[in-house]
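Raw my_file-v3.txt, compact mmCIF, C-alpha atoms (C1' of nucleotides):
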# COMPACT_ATOMS: atom_id res chain seq x y z
CA MET A 1 -115.76 -29.88 17.88
CA THR A 2 -115.11 -33.47 16.80
CA PRO A 3 -116.35 -36.17 19.18
CA GLU A 4 -112.77 -37.29 19.86
CA SER A 5 -111.43 -33.90 20.94
CA GLN A 6 -109.12 -34.50 23.90
CA PRO A 7 -108.67 -32.30 26.92
CA ALA A 8 -104.93 -32.76 26.38
CA PRO A 9 -102.67 -29.74 25.77
CA ARG A 10 -103.29 -28.79 22.14
CA ALA A 11 -100.07 -26.86 21.82
CA ALA A 12 -97.86 -29.89 22.28
CA SER A 13 -99.93 -32.14 20.05
CA PHE A 14 -99.57 -29.69 17.21
CA ALA A 15 -96.00 -30.66 16.42
CA LEU A 16 -97.03 -34.31 16.59
CA GLN A 17 -99.77 -33.77 14.04
CA ARG A 18 -97.36 -32.05 11.70
CA ALA A 19 -94.82 -34.84 12.05
CA GLU A 20 -97.52 -37.41 11.35
CA LEU A 21 -98.58 -35.54 8.24
CA ALA A 22 -94.98 -35.33 7.06
CA VAL A 23 -94.56 -39.08 7.41
CA ALA A 24 -97.83 -39.67 5.58
CA ASP A 25 -96.60 -37.49 2.73
CA ALA A 26 -93.29 -39.30 2.64
CA VAL A 27 -95.03 -42.65 2.39
CA GLY A 28 -97.31 -41.16 -0.22
CA GLU A 29 -94.38 -40.11 -2.33
CA LEU A 30 -92.78 -43.51 -2.02
CA MET A 31 -96.00 -45.10 -3.18
CA GLU A 32 -96.21 -42.66 -6.04
CA LEU A 33 -92.75 -43.67 -7.12
CA TRP A 34 -93.99 -47.23 -7.19
CA GLY A 35 -96.84 -46.30 -9.51
CA PHE A 36 -99.67 -45.97 -7.02
CA ARG A 37 -101.78 -42.97 -6.24
CA ARG A 38 -100.19 -40.78 -3.67
CA GLN A 39 -103.32 -40.72 -1.50
CA LEU A 40 -103.21 -44.47 -1.04
CA GLY A 41 -99.92 -44.17 0.74
CA ARG A 42 -101.01 -41.15 2.76
CA ILE A 43 -104.19 -42.79 3.98
CA TRP A 44 -102.47 -46.02 4.88
CA ALA A 45 -99.76 -44.15 6.75
CA VAL A 46 -102.22 -42.17 8.87
CA LEU A 47 -104.05 -45.36 9.77
CA PHE A 48 -100.79 -47.13 10.48
CA LEU A 49 -99.74 -44.41 12.90
CA SER A 50 -103.09 -44.34 14.66
CA GLU A 51 -103.60 -46.25 17.87
CA ARG A 52 -107.28 -46.83 17.17
CA PRO A 53 -109.26 -47.27 13.95
CA LEU A 54 -110.32 -44.04 12.31
CA ALA A 55 -113.55 -43.08 10.61
CA ALA A 56 -113.94 -41.35 7.26
CA PRO A 57 -114.52 -37.75 8.46
CA ASP A 58 -111.41 -37.99 10.60
CA LEU A 59 -109.28 -39.11 7.67
CA CYS A 60 -110.74 -36.45 5.39
CA GLU A 61 -109.93 -33.75 7.87
CA ARG A 62 -106.38 -34.85 8.56
CA LEU A 63 -105.49 -35.42 4.93
CA GLN A 64 -107.55 -32.56 3.50
CA ILE A 65 -109.29 -34.61 0.87
CA SER A 66 -112.92 -34.96 -0.13
CA THR A 67 -115.12 -37.80 1.08
CA GLY A 68 -115.45 -39.00 -2.48
CA LEU A 69 -111.75 -39.40 -2.99
CA LEU A 70 -111.38 -41.02 0.39
CA SER A 71 -114.09 -43.53 -0.39
CA MET A 72 -112.53 -44.50 -3.70
CA SER A 73 -109.07 -44.73 -2.20
CA LEU A 74 -110.27 -46.87 0.68
CA THR A 75 -111.95 -49.22 -1.76
CA GLU A 76 -108.68 -49.68 -3.57
CA LEU A 77 -106.72 -50.08 -0.35
CA ARG A 78 -109.12 -52.79 0.79
CA GLY A 79 -108.71 -54.40 -2.60
CA TRP A 80 -104.97 -54.63 -1.99
CA GLY A 81 -105.73 -55.96 1.46
CA VAL A 82 -103.69 -53.29 3.20
CA VAL A 83 -106.62 -51.71 5.04
CA ARG A 84 -109.49 -53.38 6.86
CA SER A 85 -112.76 -51.90 7.98
CA VAL A 86 -113.76 -52.66 11.55
CA ALA A 87 -116.89 -51.91 13.53
CA VAL A 88 -116.52 -49.68 16.54
CA PRO A 89 -119.27 -50.18 19.15
CA GLY A 90 -121.25 -47.07 19.87
CA ASP A 91 -120.46 -45.42 16.55
CA ARG A 92 -122.52 -45.86 13.44
CA LYS A 93 -119.61 -44.81 11.25
CA GLU A 94 -117.39 -47.33 9.56
CA HIS A 95 -113.86 -47.37 10.96
CA PHE A 96 -110.67 -48.38 9.28
CA GLU A 97 -107.39 -49.82 10.42
CA ALA A 98 -104.17 -50.49 8.59
CA GLU A 99 -102.67 -53.87 7.92
CA THR A 100 -99.67 -53.62 10.24
CA ASN A 101 -97.61 -56.40 8.76
CA ILE A 102 -95.80 -54.19 6.32
CA TRP A 103 -93.97 -56.99 4.63
CA SER A 104 -97.05 -58.96 3.75
CA LEU A 105 -98.14 -55.73 2.13
CA VAL A 106 -94.95 -55.16 0.19
CA ARG A 107 -94.94 -58.79 -0.83
CA ARG A 108 -98.43 -58.61 -2.22
CA VAL A 109 -97.61 -55.56 -4.29
CA LEU A 110 -94.37 -56.96 -5.64
CA ALA A 111 -96.00 -60.30 -6.34
CA GLU A 112 -99.00 -58.98 -8.20
CA ARG A 113 -97.54 -56.04 -10.03
CA GLU A 114 -93.92 -56.69 -10.78
CA ARG A 115 -94.20 -60.38 -11.47
CA LEU A 116 -97.00 -59.88 -13.95
CA ALA A 117 -95.11 -57.10 -15.69
CA ILE A 118 -91.91 -59.09 -15.99
CA ALA A 119 -93.79 -62.18 -17.08
CA ALA A 120 -95.52 -60.24 -19.84
CA ALA A 121 -92.22 -58.81 -21.07
CA LEU A 122 -90.62 -62.25 -21.02
CA THR A 123 -93.44 -63.71 -23.09
CA THR A 124 -93.04 -61.01 -25.72
CA VAL A 125 -89.30 -61.55 -25.88
CA GLU A 126 -89.74 -65.31 -26.21
CA ASP A 127 -92.25 -64.83 -29.00
CA ALA A 128 -89.76 -62.61 -30.79
CA LEU A 129 -87.06 -65.21 -30.30
CA ARG A 130 -89.19 -67.83 -32.01
CA ILE A 131 -89.81 -65.55 -34.97
CA VAL A 132 -86.19 -64.54 -35.35
CA ARG A 133 -85.03 -68.15 -35.05
CA GLY A 134 -87.17 -68.84 -38.08
CA ALA A 135 -85.06 -66.35 -40.02
CA LEU A 136 -81.96 -68.41 -39.30
CA ALA A 137 -83.02 -70.71 -42.13
CA ASP A 138 -83.06 -67.82 -44.59
CA VAL A 139 -81.10 -68.27 -47.79
CA ASP A 140 -79.62 -64.79 -47.72
CA PRO A 141 -76.46 -64.90 -45.61
CA ALA A 142 -76.96 -61.27 -44.56
CA VAL A 143 -80.37 -62.05 -43.15
CA LYS A 144 -78.94 -65.09 -41.41
CA ALA A 145 -76.19 -63.04 -39.80
CA ALA A 146 -78.62 -60.37 -38.68
CA ALA A 147 -80.85 -63.03 -37.17
CA ARG A 148 -77.96 -64.55 -35.28
CA PHE A 149 -77.10 -61.17 -33.82
CA ARG A 150 -80.65 -60.43 -32.80
CA ILE A 151 -81.02 -63.81 -31.15
CA GLY A 152 -78.04 -63.03 -28.95
CA ARG A 153 -79.51 -59.72 -27.88
CA LEU A 154 -82.97 -61.14 -27.30
CA GLU A 155 -81.48 -63.88 -25.17
CA GLN A 156 -79.81 -61.25 -23.03
CA LEU A 157 -83.19 -59.62 -22.49
CA ALA A 158 -84.82 -62.94 -21.70
CA SER A 159 -82.06 -63.77 -19.27
CA LEU A 160 -82.50 -60.45 -17.54
CA CYS A 161 -86.22 -61.09 -17.16
CA ARG A 162 -85.61 -64.52 -15.73
CA VAL A 163 -83.03 -63.29 -13.24
CA GLY A 164 -85.44 -60.58 -12.17
CA GLN A 165 -88.24 -63.09 -11.77
CA ASN A 166 -86.12 -65.45 -9.73
CA LEU A 167 -84.73 -62.76 -7.47
CA LEU A 168 -88.23 -61.50 -6.89
CA ASP A 169 -89.38 -65.01 -6.02
CA LEU A 170 -86.42 -65.41 -3.74
CA LEU A 171 -87.22 -62.20 -1.95
CA LEU A 172 -90.92 -62.98 -1.66
CA GLU A 173 -90.34 -66.51 -0.46
CA THR A 174 -87.76 -65.44 2.08
CA ALA A 175 -90.01 -62.79 3.57
CA ARG A 176 -93.04 -65.05 3.42
CA VAL A 177 -93.49 -65.98 7.01
CA ASP A 178 -91.25 -63.49 8.70
CA VAL A 179 -89.04 -60.57 7.87
CA GLY A 180 -86.44 -61.89 10.28
CA PRO A 181 -84.12 -63.48 7.73
CA LEU A 182 -84.19 -60.49 5.44
CA LYS A 183 -83.54 -58.10 8.27
CA LEU A 184 -80.65 -60.18 9.54
CA LEU A 185 -79.18 -60.46 6.06
CA SER A 186 -79.52 -56.75 5.51
CA GLU A 187 -77.93 -55.95 8.86
CA ALA A 188 -75.08 -58.36 8.28
CA TRP A 189 -74.43 -56.69 4.98
CA ALA A 190 -74.59 -53.23 6.51
CA ARG A 191 -71.99 -54.24 9.11
CA ARG A 192 -69.70 -55.82 6.53
CA ARG A 193 -69.43 -52.70 4.46
CA ALA A 194 -68.67 -50.49 7.46
CA MET B 195 -86.61 -44.97 -50.35
CA THR B 196 -84.36 -44.71 -47.32
CA PRO B 197 -80.63 -44.87 -47.99
CA GLU B 198 -80.38 -48.18 -46.08
CA SER B 199 -83.04 -50.05 -48.04
CA GLN B 200 -81.76 -53.58 -48.55
CA PRO B 201 -82.20 -55.75 -51.59
CA ALA B 202 -83.16 -58.55 -49.14
CA PRO B 203 -86.60 -60.19 -49.35
CA ARG B 204 -88.96 -57.66 -47.80
CA ALA B 205 -91.68 -60.21 -47.10
CA ALA B 206 -89.58 -62.20 -44.63
CA SER B 207 -88.18 -59.18 -42.86
CA PHE B 208 -91.67 -57.91 -42.17
CA ALA B 209 -92.33 -60.35 -39.37
CA LEU B 210 -88.94 -59.51 -37.92
CA GLN B 211 -89.75 -55.83 -37.85
CA ARG B 212 -93.02 -56.51 -36.10
CA ALA B 213 -91.34 -58.71 -33.51
CA GLU B 214 -88.72 -56.04 -32.89
CA LEU B 215 -91.42 -53.42 -32.38
CA ALA B 216 -93.27 -55.70 -30.00
CA VAL B 217 -90.15 -56.15 -27.89
CA ALA B 218 -89.55 -52.41 -27.91
CA ASP B 219 -93.07 -51.84 -26.68
CA ALA B 220 -92.64 -54.45 -23.98
CA VAL B 221 -89.47 -52.79 -22.74
CA GLY B 222 -91.24 -49.46 -22.97
CA GLU B 223 -94.04 -50.69 -20.75
CA LEU B 224 -91.58 -52.07 -18.22
CA MET B 225 -89.83 -48.72 -18.12
CA GLU B 226 -93.15 -46.97 -17.71
CA LEU B 227 -93.92 -49.19 -14.75
CA TRP B 228 -90.64 -48.03 -13.26
CA GLY B 229 -91.63 -44.41 -13.66
CA PHE B 230 -89.84 -43.52 -16.85
CA ARG B 231 -91.27 -42.32 -20.09
CA ARG B 232 -92.32 -45.14 -22.29
CA GLN B 233 -90.37 -43.80 -25.27
CA LEU B 234 -87.11 -44.07 -23.38
CA GLY B 235 -87.53 -47.81 -23.16
CA ARG B 236 -88.70 -48.14 -26.73
CA ILE B 237 -85.78 -46.19 -28.15
CA TRP B 238 -83.23 -48.01 -26.07
CA ALA B 239 -84.70 -51.37 -27.08
CA VAL B 240 -84.55 -50.62 -30.80
CA LEU B 241 -80.94 -49.52 -30.46
CA PHE B 242 -80.13 -52.56 -28.36
CA LEU B 243 -81.54 -54.88 -31.00
CA SER B 244 -79.74 -53.12 -33.84
CA GLU B 245 -76.49 -54.49 -35.14
CA ARG B 246 -75.22 -51.04 -36.10
CA PRO B 247 -75.76 -47.57 -34.67
CA LEU B 248 -78.89 -45.84 -35.93
CA ALA B 249 -79.51 -42.22 -36.90
CA ALA B 250 -82.39 -40.05 -35.85
CA PRO B 251 -84.60 -40.37 -38.97
CA ASP B 252 -84.31 -44.13 -38.77
CA LEU B 253 -85.48 -44.19 -35.16
CA CYS B 254 -88.31 -41.77 -35.87
CA GLU B 255 -89.59 -43.92 -38.66
CA ARG B 256 -89.41 -47.21 -36.79
CA LEU B 257 -90.98 -45.85 -33.61
CA GLN B 258 -93.37 -43.44 -35.30
CA ILE B 259 -92.43 -40.44 -33.21
CA SER B 260 -91.51 -36.88 -34.10
CA THR B 261 -87.93 -35.65 -34.34
CA GLY B 262 -88.57 -33.33 -31.43
CA LEU B 263 -89.60 -36.08 -29.09
CA LEU B 264 -86.75 -38.25 -30.23
CA SER B 265 -84.24 -35.52 -29.59
CA MET B 266 -85.50 -34.90 -26.08
CA SER B 267 -85.66 -38.58 -25.30
CA LEU B 268 -82.15 -39.18 -26.57
CA THR B 269 -80.89 -36.33 -24.42
CA GLU B 270 -82.36 -37.98 -21.38
CA LEU B 271 -81.11 -41.42 -22.35
CA ARG B 272 -77.60 -40.02 -22.73
CA GLY B 273 -78.03 -38.40 -19.34
CA TRP B 274 -78.70 -41.81 -17.82
CA GLY B 275 -75.72 -43.11 -19.74
CA VAL B 276 -77.68 -45.85 -21.42
CA VAL B 277 -77.21 -44.54 -24.94
CA ARG B 278 -74.07 -43.17 -26.59
CA SER B 279 -73.75 -41.16 -29.76
CA VAL B 280 -71.11 -42.34 -32.18
CA ALA B 281 -69.81 -40.91 -35.41
CA VAL B 282 -70.28 -42.99 -38.53
CA PRO B 283 -67.77 -42.21 -41.29
CA GLY B 284 -69.37 -41.06 -44.51
CA ASP B 285 -72.56 -39.84 -42.84
CA ARG B 286 -73.07 -36.38 -41.47
CA LYS B 287 -75.88 -37.58 -39.25
CA GLU B 288 -75.33 -38.36 -35.62
CA HIS B 289 -75.69 -42.05 -34.83
CA PHE B 290 -76.66 -43.71 -31.59
CA GLU B 291 -75.93 -47.01 -29.96
CA ALA B 292 -77.24 -48.62 -26.80
CA GLU B 293 -75.26 -49.39 -23.72
CA THR B 294 -75.28 -53.16 -23.97
CA ASN B 295 -74.35 -53.95 -20.39
CA ILE B 296 -77.90 -54.09 -19.17
CA TRP B 297 -76.97 -54.53 -15.55
CA SER B 298 -74.83 -51.45 -15.34
CA LEU B 299 -77.92 -49.71 -16.63
CA VAL B 300 -80.30 -51.22 -14.13
CA ARG B 301 -77.82 -50.56 -11.37
CA ARG B 302 -77.55 -46.89 -12.22
CA VAL B 303 -81.30 -46.46 -12.19
CA LEU B 304 -81.80 -48.31 -8.94
CA ALA B 305 -78.91 -46.48 -7.35
CA GLU B 306 -79.95 -42.99 -8.30
CA ARG B 307 -83.69 -43.22 -8.08
CA GLU B 308 -84.67 -45.76 -5.46
CA ARG B 309 -81.90 -45.04 -3.04
CA LEU B 310 -82.65 -41.33 -3.00
CA ALA B 311 -86.34 -41.96 -2.54
CA ILE B 312 -85.85 -44.36 0.34
CA ALA B 313 -83.27 -42.11 1.95
CA ALA B 314 -85.65 -39.16 1.84
CA ALA B 315 -88.43 -41.19 3.41
CA LEU B 316 -86.09 -42.46 6.12
CA THR B 317 -85.02 -38.91 6.97
CA THR B 318 -88.62 -37.81 7.37
CA VAL B 319 -89.41 -40.79 9.58
CA GLU B 320 -86.37 -40.13 11.75
CA ASP B 321 -87.33 -36.49 12.12
CA ALA B 322 -90.78 -37.57 13.23
CA LEU B 323 -89.23 -40.01 15.68
CA ARG B 324 -87.27 -37.20 17.32
CA ILE B 325 -90.37 -35.08 17.70
CA VAL B 326 -92.50 -37.89 19.09
CA ARG B 327 -89.75 -38.89 21.52
CA GLY B 328 -90.01 -35.39 22.90
CA ALA B 329 -93.63 -36.10 23.79
CA LEU B 330 -92.54 -39.01 25.97
CA ALA B 331 -91.70 -36.45 28.68
CA ASP B 332 -95.24 -35.11 28.64
CA VAL B 333 -97.03 -34.90 31.95
CA ASP B 334 -100.30 -36.25 30.64
CA PRO B 335 -100.15 -40.06 30.79
CA ALA B 336 -102.47 -40.33 27.80
CA VAL B 337 -100.10 -38.30 25.66
CA LYS B 338 -97.21 -40.38 26.92
CA ALA B 339 -98.94 -43.62 26.00
CA ALA B 340 -99.85 -42.32 22.56
CA ALA B 341 -96.26 -41.26 22.00
CA ARG B 342 -94.99 -44.69 23.00
CA PHE B 343 -97.32 -46.31 20.51
CA ARG B 344 -96.34 -43.96 17.70
CA ILE B 345 -92.66 -44.54 18.36
CA GLY B 346 -93.17 -48.25 17.89
CA ARG B 347 -94.89 -47.76 14.58
CA LEU B 348 -92.39 -45.20 13.34
CA GLU B 349 -89.56 -47.55 14.20
CA GLN B 350 -91.21 -50.20 12.07
CA LEU B 351 -91.25 -47.79 9.16
CA ALA B 352 -87.64 -46.81 9.74
CA SER B 353 -86.62 -50.43 9.94
CA LEU B 354 -88.38 -51.14 6.67
CA CYS B 355 -86.53 -48.29 5.00
CA ARG B 356 -83.22 -49.51 6.31
CA VAL B 357 -83.82 -53.08 5.18
CA GLY B 358 -84.78 -51.79 1.76
CA GLN B 359 -81.67 -49.65 1.58
CA ASN B 360 -79.39 -52.49 2.61
CA LEU B 361 -80.95 -54.99 0.25
CA LEU B 362 -80.61 -52.50 -2.55
CA ASP B 363 -76.97 -51.93 -1.67
CA LEU B 364 -76.44 -55.67 -1.52
CA LEU B 365 -77.96 -56.12 -4.93
CA LEU B 366 -76.04 -53.24 -6.46
CA GLU B 367 -72.74 -54.28 -4.96
CA THR B 368 -73.19 -57.88 -6.01
CA ALA B 369 -73.96 -56.97 -9.60
CA ARG B 370 -71.26 -54.32 -9.68
CA VAL B 371 -68.63 -55.95 -11.79
CA ASP B 372 -70.53 -58.83 -13.26
CA VAL B 373 -74.01 -60.28 -13.30
CA GLY B 374 -72.55 -63.74 -12.90
CA PRO B 375 -73.16 -64.15 -9.17
CA LEU B 376 -76.71 -62.88 -9.36
CA LYS B 377 -77.50 -65.10 -12.30
CA LEU B 378 -76.06 -68.13 -10.55
CA LEU B 379 -77.97 -67.34 -7.37
CA SER B 380 -81.17 -66.88 -9.27
CA GLU B 381 -80.67 -70.11 -11.19
CA ALA B 382 -79.86 -72.03 -8.03
CA TRP B 383 -83.03 -70.72 -6.49
CA ALA B 384 -85.08 -71.59 -9.55
CA ARG B 385 -83.77 -75.17 -9.40
CA ARG B 386 -84.44 -75.50 -5.70
CA ARG B 387 -88.06 -74.65 -5.97
CA ALA B 388 -88.67 -77.05 -8.86
C1' DA C 389 -142.64 -44.61 6.52
C1' DT C 390 -139.67 -40.70 7.09
C1' DA C 391 -135.84 -38.26 8.44
C1' DT C 392 -131.04 -38.36 9.36
C1' DC C 393 -126.62 -39.72 8.82
C1' DA C 394 -122.96 -42.39 6.28
C1' DT C 395 -121.06 -43.99 2.08
C1' DT C 396 -120.59 -44.64 -2.87
C1' DT C 397 -120.85 -43.24 -7.51
C1' DC C 398 -120.04 -40.20 -11.20
C1' DA C 399 -119.94 -36.28 -14.33
C1' DA C 400 -117.32 -32.13 -14.65
C1' DC C 401 -113.22 -29.69 -13.58
C1' DG C 402 -108.43 -28.72 -13.24
C1' DT C 403 -103.79 -30.31 -13.42
C1' DT C 404 -100.12 -32.69 -15.21
C1' DC C 405 -97.60 -34.70 -18.71
C1' DA C 406 -96.28 -36.60 -23.21
C1' DT C 407 -96.22 -35.27 -27.88
C1' DT C 408 -96.25 -32.49 -31.88
C1' DG C 409 -94.97 -28.95 -35.32
C1' DA C 410 -92.61 -25.15 -36.27
C1' DA C 411 -89.16 -22.04 -35.44
C1' DA C 412 -84.44 -21.30 -33.87
C1' DC C 413 -80.01 -22.99 -33.99
C1' DA C 414 -75.73 -25.34 -35.57
C1' DA C 415 -72.67 -27.23 -38.96
C1' DG C 416 -70.70 -27.96 -43.54
C1' DG C 417 -70.32 -27.55 -48.57
C1' DG C 418 -70.76 -25.05 -52.57
C1' DC D 419 -71.40 -16.01 -47.44
C1' DC D 420 -75.59 -18.28 -48.33
C1' DC D 421 -78.01 -22.71 -48.78
C1' DT D 422 -78.66 -27.32 -47.31
C1' DT D 423 -78.99 -30.67 -43.86
C1' DG D 424 -79.32 -32.12 -39.23
C1' DT D 425 -80.53 -31.15 -34.40
C1' DT D 426 -82.51 -28.78 -30.43
C1' DT D 427 -85.84 -25.92 -28.16
C1' DC D 428 -90.36 -24.56 -26.98
C1' DA D 429 -95.16 -22.95 -27.09
C1' DA D 430 -99.42 -25.13 -28.08
C1' DT D 431 -102.26 -29.40 -28.33
C1' DG D 432 -104.34 -33.14 -26.51
C1' DA D 433 -104.81 -37.16 -23.68
C1' DA D 434 -104.73 -39.16 -19.11
C1' DC D 435 -105.36 -38.73 -14.51
C1' DG D 436 -106.54 -37.12 -9.85
C1' DT D 437 -109.89 -34.56 -7.44
C1' DT D 438 -114.04 -32.39 -6.26
C1' DG D 439 -118.99 -31.59 -5.34
C1' DA D 440 -123.28 -33.14 -5.64
C1' DA D 441 -126.59 -36.49 -6.40
C1' DA D 442 -127.79 -41.32 -5.63
C1' DT D 443 -127.69 -45.15 -2.66
C1' DG D 444 -127.75 -47.43 1.60
C1' DA D 445 -128.38 -47.88 6.50
C1' DT D 446 -130.34 -46.78 11.18
C1' DA D 447 -133.16 -44.83 14.38
C1' DT D 448 -137.71 -42.51 15.38
Take the structure in this file and express it as structure tokens.
Amino acid sequence: MTPESQPAPRAASFALQRAELAVADAVGELMELWGFRRQLGRIWAVLFLSERPLAAPDLCERLQISTGLLSMSLTELRGWGVVRSVAVPGDRKEHFEAETNIWSLVRRVLAERERLAIAAALTTVEDALRIVRGALADVDPAVKAAARFRIGRLEQLASLCRVGQNLLDLLLETARVDVGPLKLLSEAWARRRA
Amino acid sequence: MTPESQPAPRAASFALQRAELAVADAVGELMELWGFRRQLGRIWAVLFLSERPLAAPDLCERLQISTGLLSMSLTELRGWGVVRSVAVPGDRKEHFEAETNIWSLVRRVLAERERLAIAAALTTVEDALRIVRGALADVDPAVKAAARFRIGRLEQLASLCRVGQNLLDLLLETARVDVGPLKLLSEAWARRRA
DNA sequence: ATATCATTTCAACGTTCATTGAAACAAGGG
DNA sequence: CCCTTGTTTCAATGAACGTTGAAATGATAT
């Protein structure tokens, strides 16, 4: 019925479709764990596994979602830069293809989301540190002692934030141009523990 | 009114309380970003910043939550091993204190949650790979070509999962006994980029 | 212009999830 | 053994969120 129906054996392609869907769901769940909408991951995955760009009706059918939801999800995906729309000659419909450089995708997400979150937390902790340091000058020795204790704890939190930030930067910078180094490192580590 | 009301100057301690609450909220938001309930982070933070173990009514008051919610949250926090209950002589109430080794806490979360998630995704992708590899033997050259393409993409996904797994292992193993190495690494990196 | 097809927007719906309040439960002390 | 105090459980509430369906918007050909 669809314009792209193949003459190929449908029986065999059935298992393939199911496997594709399963992978899309898996990616969707991973994305969900990372705080994104599940559909974003599912849509991206289907596009990523497709040889040619797909149009909206195709995606709706495969993923069993409404055109409305698809439209909104695609808008967000384009916003993250992980899906592009491309023109396909001879078809009025808009087609979409996935950003295939997965790492540039992961990097963007980590950079924009995690860094901001950690930075915000660090700012709050540093503000608190300033306030508590003011209490160090208190006349009451009990207050002073309490302040000293709190400063220690707050510095632990701040340190944690900074380590997280730096490790994130390290990861992002390393995977900037190419995954190569990261992959090698990860493989070396995997071998060492075996 | 509360049994632990201090004779200390209330005016000065007001700013401290506010700062403490702000930090608790910040930690709560970080936890939320990581897929946990916000209250878990808030409760842990208040305990972490407290010099002595706190009892339930105290926590309820500071965090403005019901005893029911507190009880459930504490159960979960104990389940993650990030909060312990301790007996305080002369008080029938149960008291709670935070696990202060933040890294052992982060490690546990990363280990249990992220690793499982990635492992599940990897399994699904590998299953799909097996199925698609079966299609390589198809008579139809178009099906064969499509299968070859899909295999390439699926292998990219699998590779990503494996790199993620290994990096996670690397991180967890490094921070196993002590944060020291990680902190040094992160500081070295921070210096290098300055 | 008008009709057709494609896409976006949005109000309404349904689901999910945190939170409450009260009731059940447990533990001591009189 | 009951009464007090502290804690847990759970049904009900409400808020937040994803999803739909339909109407509005846009785009293209006739």
Could you make a table, as a tab-separated table, of the residues of chain A that have an atom within 8 Å of an atom of chain C, each with its nearest atom pair and distance in Å to one decimal, counting only C-alpha atoms (C1' of nucleotides), in chain and number order?
residue	atom	partner	partner_atom	distance
A:Gly68	CA	C:DT396	C1'	7.6
A:Ser71	CA	C:DT396	C1'	7.0
A:Arg92	CA	C:DA394	C1'	8.0
A:Lys93	CA	C:DA394	C1'	6.5
**Request:** At a cut-off of 10 Å, list the chain D residues touching chain A, using all atoms listed in the file, as number ranges by chain.
**Result:** D: 435-439, 445-446
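Taking atom CA of Ala15 of chain A as the reference point, atom CA of Arg344 of chain B is found at 13.4 Å.
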**Request:** Write down, as a ChimeraX atom specification, each residue of chain A that has any atom within 6 Å of an atom of chain B, counting all atoms listed in the file.
**Result:** /A:19,23,26,49,121,125,128,150,163,166-167,183,186
Take the residues just selected and output them with C-alpha atoms as a compact mmCIF listing (two decimals), in the coordinates of the input.
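The result, stored in result_0.txt:
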# COMPACT_ATOMS: atom_id res chain seq x y z
CA ALA A 19 -94.82 -34.84 12.05
CA VAL A 23 -94.56 -39.08 7.41
CA ALA A 26 -93.29 -39.30 2.64
CA LEU A 49 -99.74 -44.41 12.90
CA ALA A 121 -92.22 -58.81 -21.07
CA VAL A 125 -89.30 -61.55 -25.88
CA ALA A 128 -89.76 -62.61 -30.79
CA ARG A 150 -80.65 -60.43 -32.80
CA VAL A 163 -83.03 -63.29 -13.24
CA ASN A 166 -86.12 -65.45 -9.73
CA LEU A 167 -84.73 -62.76 -7.47
CA LYS A 183 -83.54 -58.10 8.27
CA SER A 186 -79.52 -56.75 5.51
**Asked** When you draw a straight line from atom CA of Asp372 of chain B to atom CA of Arg302 of chain B, how long is it in Å?
**Response**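 About the pair atom CA of Asp372 of chain B and atom CA of Arg302 of chain B: they are 13.9 Å apart.
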**Message:** One decimal, in Å: what's the spacing between atom CA of Ser85 of chain A and atom CA of Glu97 of chain A?
**Reply:**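 Interatomic distance here is 6.3 Å.
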**Message:** Excluding Glu270 of chain B and its own-chain neighbours fewer than 2 positions away, which residues fall within 12 Å of it when counting all atoms listed in the file? Please give them as number ranges by chain.
**Reply:** B: 230-231, 233-235, 237-238, 263-268, 272-278
Residues from the last selection, C-alpha atoms, saved as a short mmCIF file (atom, residue, chain, number, x, y, z; two decimals), in the frame of the given file:
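Wrote result33.cif, looks like this:
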data_model
loop_
_atom_site.label_atom_id
_atom_site.label_comp_id
_atom_site.auth_asym_id
_atom_site.auth_seq_id
_atom_site.Cartn_x
_atom_site.Cartn_y
_atom_site.Cartn_z
CA PHE B 230 -89.84 -43.52 -16.85
CA ARG B 231 -91.27 -42.32 -20.09
CA GLN B 233 -90.37 -43.80 -25.27
CA LEU B 234 -87.11 -44.07 -23.38
CA GLY B 235 -87.53 -47.81 -23.16
CA ILE B 237 -85.78 -46.19 -28.15
CA TRP B 238 -83.23 -48.01 -26.07
CA LEU B 263 -89.60 -36.08 -29.09
CA LEU B 264 -86.75 -38.25 -30.23
CA SER B 265 -84.24 -35.52 -29.59
CA MET B 266 -85.50 -34.90 -26.08
CA SER B 267 -85.66 -38.58 -25.30
CA LEU B 268 -82.15 -39.18 -26.57
CA ARG B 272 -77.60 -40.02 -22.73
CA GLY B 273 -78.03 -38.40 -19.34
CA TRP B 274 -78.70 -41.81 -17.82
CA GLY B 275 -75.72 -43.11 -19.74
CA VAL B 276 -77.68 -45.85 -21.42
CA VAL B 277 -77.21 -44.54 -24.94
CA ARG B 278 -74.07 -43.17 -26.59
#
Just add N, CA and C atoms to segment 44-48 of chain A and send it as a short mmCIF file (atom, residue, chain, number, x, y, z; two decimals), in the frame of the given file.
data_model
loop_
_atom_site.label_atom_id
_atom_site.label_comp_id
_atom_site.auth_asym_id
_atom_site.auth_seq_id
_atom_site.Cartn_x
_atom_site.Cartn_y
_atom_site.Cartn_z
N TRP A 44 -102.99 -44.86 4.15
CA TRP A 44 -102.47 -46.02 4.88
C TRP A 44 -101.56 -45.57 6.02
N ALA A 45 -100.72 -44.60 5.74
CA ALA A 45 -99.76 -44.15 6.75
C ALA A 45 -100.48 -43.58 7.97
N VAL A 46 -101.48 -42.75 7.73
CA VAL A 46 -102.22 -42.17 8.87
C VAL A 46 -102.86 -43.27 9.70
N LEU A 47 -103.42 -44.25 9.04
CA LEU A 47 -104.05 -45.36 9.77
C LEU A 47 -102.99 -46.15 10.52
N PHE A 48 -101.86 -46.34 9.87
CA PHE A 48 -100.79 -47.13 10.48
C PHE A 48 -100.27 -46.46 11.75
#
